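Engineer: Below are the structure tokens for one structure; questions will follow.
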Amino acid sequence: MGKQYVPLEQPLKQFIDWECNAGCIASDRITVDECKVGYMARSEPLANGPDCGWRFWADDEDEAYTNDASHFAVFHTNTICNYDPDIVPFLEAPCGSEFVRDETAVAHFAPGNELAFAWLMETNIDLLERVDRLSRSR
């Protein structure tokens, strides 16, 4: 029996207009179990496919779950945006960026990820300030 993906509103909302290299990898915890994206990281895209480098997890997957490739699938990044639109402001971050969600913020740069912090400082100071306010209020 195949995976039972969470049905999305049709037609899909167009959050991004990437035509090529828009593929990403997402955990079944997001697309099957209806979890929000809890951790997202952008690696160098794979050379042999339409890959943008983004990888999405709910951030509660243990090592055994993560090591089983059957728990992941390739999607158009816009599809994952339809599962969790909160990720959209972060999608232009450079390779090497990592973002996490916690109980107070939509997402913020992963601890020690200076690249993501620098990208927020340079391109989206409003988002950085909002995340900083939320983080300080907890």
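We name chains A, B, ... following the order of the structure tokens; residues begin at 1 in each chain, and ligands are numbered from 1 as shown.
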For the structure I just gave you, how does DSSP split segment 17-65 of chain A - specifically, which residues are strand (DSSP E or B)? Reply as a ChimeraX atom specification.

Structural biologist: /A:23-27,39-42,51-57

Engineer: Limited to all heavy atoms, could you put the picked residues into a file as a tab-separated table (two decimals), in the first residue's frame?

Structural biologist:
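To be explicit, this is the file written out as selection04.tsv:
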```tsv
chain	number	residue	atom	x	y	z
A	23	GLY	N	13.03	21.23	-7.18
A	23	GLY	CA	12.78	20.03	-6.38
A	23	GLY	C	13.36	20.15	-4.98
A	23	GLY	O	14.33	20.87	-4.75
A	24	CYS	N	12.74	19.45	-4.04
A	24	CYS	CA	13.24	19.40	-2.67
A	24	CYS	C	12.91	18.03	-2.09
A	24	CYS	O	12.20	17.24	-2.72
A	24	CYS	CB	12.59	20.50	-1.82
A	24	CYS	SG	10.81	20.27	-1.57
A	25	ILE	N	13.39	17.76	-0.91
A	25	ILE	CA	13.10	16.50	-0.23
A	25	ILE	C	12.40	16.83	1.08
A	25	ILE	O	12.83	17.72	1.82
A	25	ILE	CB	14.39	15.70	0.03
A	25	ILE	CG1	15.05	15.34	-1.31
A	25	ILE	CG2	14.10	14.45	0.86
A	25	ILE	CD1	16.43	14.70	-1.19
A	26	ALA	N	11.30	16.12	1.35
A	26	ALA	CA	10.53	16.36	2.57
A	26	ALA	C	10.21	15.05	3.26
A	26	ALA	O	9.96	14.03	2.62
A	26	ALA	CB	9.25	17.12	2.24
A	27	SER	N	10.17	15.12	4.57
A	27	SER	CA	9.83	13.99	5.42
A	27	SER	C	8.34	13.69	5.35
A	27	SER	O	7.50	14.60	5.25
A	27	SER	CB	10.23	14.32	6.87
A	27	SER	OG	9.62	13.45	7.78
A	39	TYR	N	12.34	21.92	10.91
A	39	TYR	CA	13.76	22.13	10.60
A	39	TYR	C	13.88	22.12	9.09
A	39	TYR	O	13.32	21.26	8.41
A	39	TYR	CB	14.61	21.02	11.22
A	39	TYR	CG	16.07	21.08	10.83
A	39	TYR	CD1	16.91	22.01	11.42
A	39	TYR	CD2	16.60	20.22	9.88
A	39	TYR	CE1	18.25	22.07	11.07
A	39	TYR	CE2	17.93	20.27	9.52
A	39	TYR	CZ	18.75	21.20	10.11
A	39	TYR	OH	20.08	21.27	9.76
A	40	MET	N	14.58	23.10	8.56
A	40	MET	CA	14.82	23.17	7.12
A	40	MET	C	16.27	23.56	6.89
A	40	MET	O	16.82	24.40	7.60
A	40	MET	CB	13.85	24.13	6.45
A	40	MET	CG	13.81	25.52	7.01
A	40	MET	SD	12.42	26.54	6.42
A	40	MET	CE	12.99	27.03	4.80
A	41	ALA	N	16.88	22.89	5.94
A	41	ALA	CA	18.29	23.13	5.63
A	41	ALA	C	18.47	23.13	4.11
A	41	ALA	O	17.84	22.35	3.40
A	41	ALA	CB	19.16	22.05	6.25
A	42	ARG	N	19.32	24.02	3.65
A	42	ARG	CA	19.59	24.08	2.21
A	42	ARG	C	21.02	23.65	1.96
A	42	ARG	O	21.98	24.29	2.40
A	42	ARG	CB	19.37	25.49	1.67
A	42	ARG	CG	19.37	25.53	0.16
A	42	ARG	CD	18.94	26.86	-0.38
A	42	ARG	NE	18.58	26.73	-1.79
A	42	ARG	CZ	18.23	27.75	-2.54
A	42	ARG	NH1	18.19	28.98	-2.03
A	42	ARG	NH2	17.92	27.57	-3.81
A	51	ASP	N	16.94	20.00	-8.55
A	51	ASP	CA	17.02	20.14	-7.10
A	51	ASP	C	17.43	21.55	-6.72
A	51	ASP	O	18.38	22.09	-7.26
A	51	ASP	CB	18.05	19.13	-6.57
A	51	ASP	CG	18.20	19.14	-5.08
A	51	ASP	OD1	17.26	19.52	-4.38
A	51	ASP	OD2	19.28	18.74	-4.60
A	52	CYS	N	16.70	22.15	-5.75
A	52	CYS	CA	17.08	23.48	-5.26
A	52	CYS	C	17.91	23.38	-3.98
A	52	CYS	O	18.41	24.38	-3.49
A	52	CYS	CB	15.85	24.33	-5.01
A	52	CYS	SG	14.83	23.80	-3.63
A	53	GLY	N	18.03	22.17	-3.42
A	53	GLY	CA	18.86	21.98	-2.23
A	53	GLY	C	18.10	21.97	-0.92
A	53	GLY	O	18.67	21.61	0.11
A	54	TRP	N	16.83	22.37	-0.91
A	54	TRP	CA	16.09	22.41	0.35
A	54	TRP	C	15.69	21.02	0.81
A	54	TRP	O	15.27	20.18	0.02
A	54	TRP	CB	14.83	23.29	0.24
A	54	TRP	CG	15.14	24.73	0.40
A	54	TRP	CD1	15.04	25.70	-0.57
A	54	TRP	CD2	15.60	25.39	1.58
A	54	TRP	NE1	15.43	26.91	-0.05
A	54	TRP	CE2	15.77	26.75	1.27
A	54	TRP	CE3	15.90	24.96	2.87
A	54	TRP	CZ2	16.22	27.69	2.20
A	54	TRP	CZ3	16.35	25.89	3.79
A	54	TRP	CH2	16.50	27.24	3.45
A	55	ARG	N	15.82	20.81	2.14
A	55	ARG	CA	15.41	19.57	2.80
A	55	ARG	C	14.54	19.98	3.99
A	55	ARG	O	14.91	20.91	4.73
A	55	ARG	CB	16.63	18.78	3.30
A	55	ARG	CG	17.72	18.56	2.24
A	55	ARG	CD	17.23	17.72	1.06
A	55	ARG	NE	18.28	17.50	0.08
A	55	ARG	CZ	18.28	18.03	-1.14
A	55	ARG	NH1	17.29	18.83	-1.53
A	55	ARG	NH2	19.24	17.77	-1.99
A	56	PHE	N	13.42	19.30	4.16
A	56	PHE	CA	12.45	19.68	5.19
A	56	PHE	C	12.12	18.50	6.10
A	56	PHE	O	11.82	17.41	5.62
A	56	PHE	CB	11.15	20.19	4.54
A	56	PHE	CG	11.36	21.37	3.64
A	56	PHE	CD1	11.45	21.20	2.26
A	56	PHE	CD2	11.47	22.65	4.15
A	56	PHE	CE1	11.63	22.29	1.42
A	56	PHE	CE2	11.66	23.74	3.33
A	56	PHE	CZ	11.75	23.56	1.96
A	57	TRP	N	12.16	18.74	7.41
A	57	TRP	CA	11.82	17.75	8.42
A	57	TRP	C	10.83	18.38	9.40
A	57	TRP	O	10.79	19.60	9.57
A	57	TRP	CB	13.05	17.34	9.23
A	57	TRP	CG	14.13	16.64	8.50
A	57	TRP	CD1	14.33	15.28	8.43
A	57	TRP	CD2	15.22	17.22	7.77
A	57	TRP	NE1	15.45	15.00	7.69
A	57	TRP	CE2	16.02	16.18	7.27
A	57	TRP	CE3	15.58	18.54	7.47
A	57	TRP	CZ2	17.16	16.40	6.50
A	57	TRP	CZ3	16.71	18.76	6.70
A	57	TRP	CH2	17.48	17.71	6.23
```

Engineer: Residues of segment 47-101 of chain A in alpha helix (DSSP H) according to DSSP, as a list in words?

Structural biologist: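 Filtering segment 47-101 of chain A down to alpha helix (DSSP H) leaves Glu63, Ala64, Tyr65, Thr66, Thr77, Asn78, Thr79, Ile80, Cys81, Asn82 and Tyr83 of chain A.
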
Engineer: Can I get the selected residues back with C-alpha atoms, as a PDB file, in the first residue's frame?

Structural biologist:
```pdb
ATOM      1  CA  GLU A  63      17.901   8.609  13.649  1.00  0.00           C
ATOM      2  CA  ALA A  64      16.220   5.325  12.658  1.00  0.00           C
ATOM      3  CA  TYR A  65      13.388   7.204  10.933  1.00  0.00           C
ATOM      4  CA  THR A  66      15.783   9.542   9.135  1.00  0.00           C
ATOM      5  CA  THR A  77       9.189  23.160  -3.369  1.00  0.00           C
ATOM      6  CA  ASN A  78       5.920  24.997  -4.030  1.00  0.00           C
ATOM      7  CA  THR A  79       4.053  21.858  -2.920  1.00  0.00           C
ATOM      8  CA  ILE A  80       5.793  21.951   0.469  1.00  0.00           C
ATOM      9  CA  CYS A  81       4.908  25.659   0.679  1.00  0.00           C
ATOM     10  CA  ASN A  82       1.271  24.591   0.393  1.00  0.00           C
ATOM     11  CA  TYR A  83       1.770  22.233   3.354  1.00  0.00           C
TER      12      TYR A  83
END
```
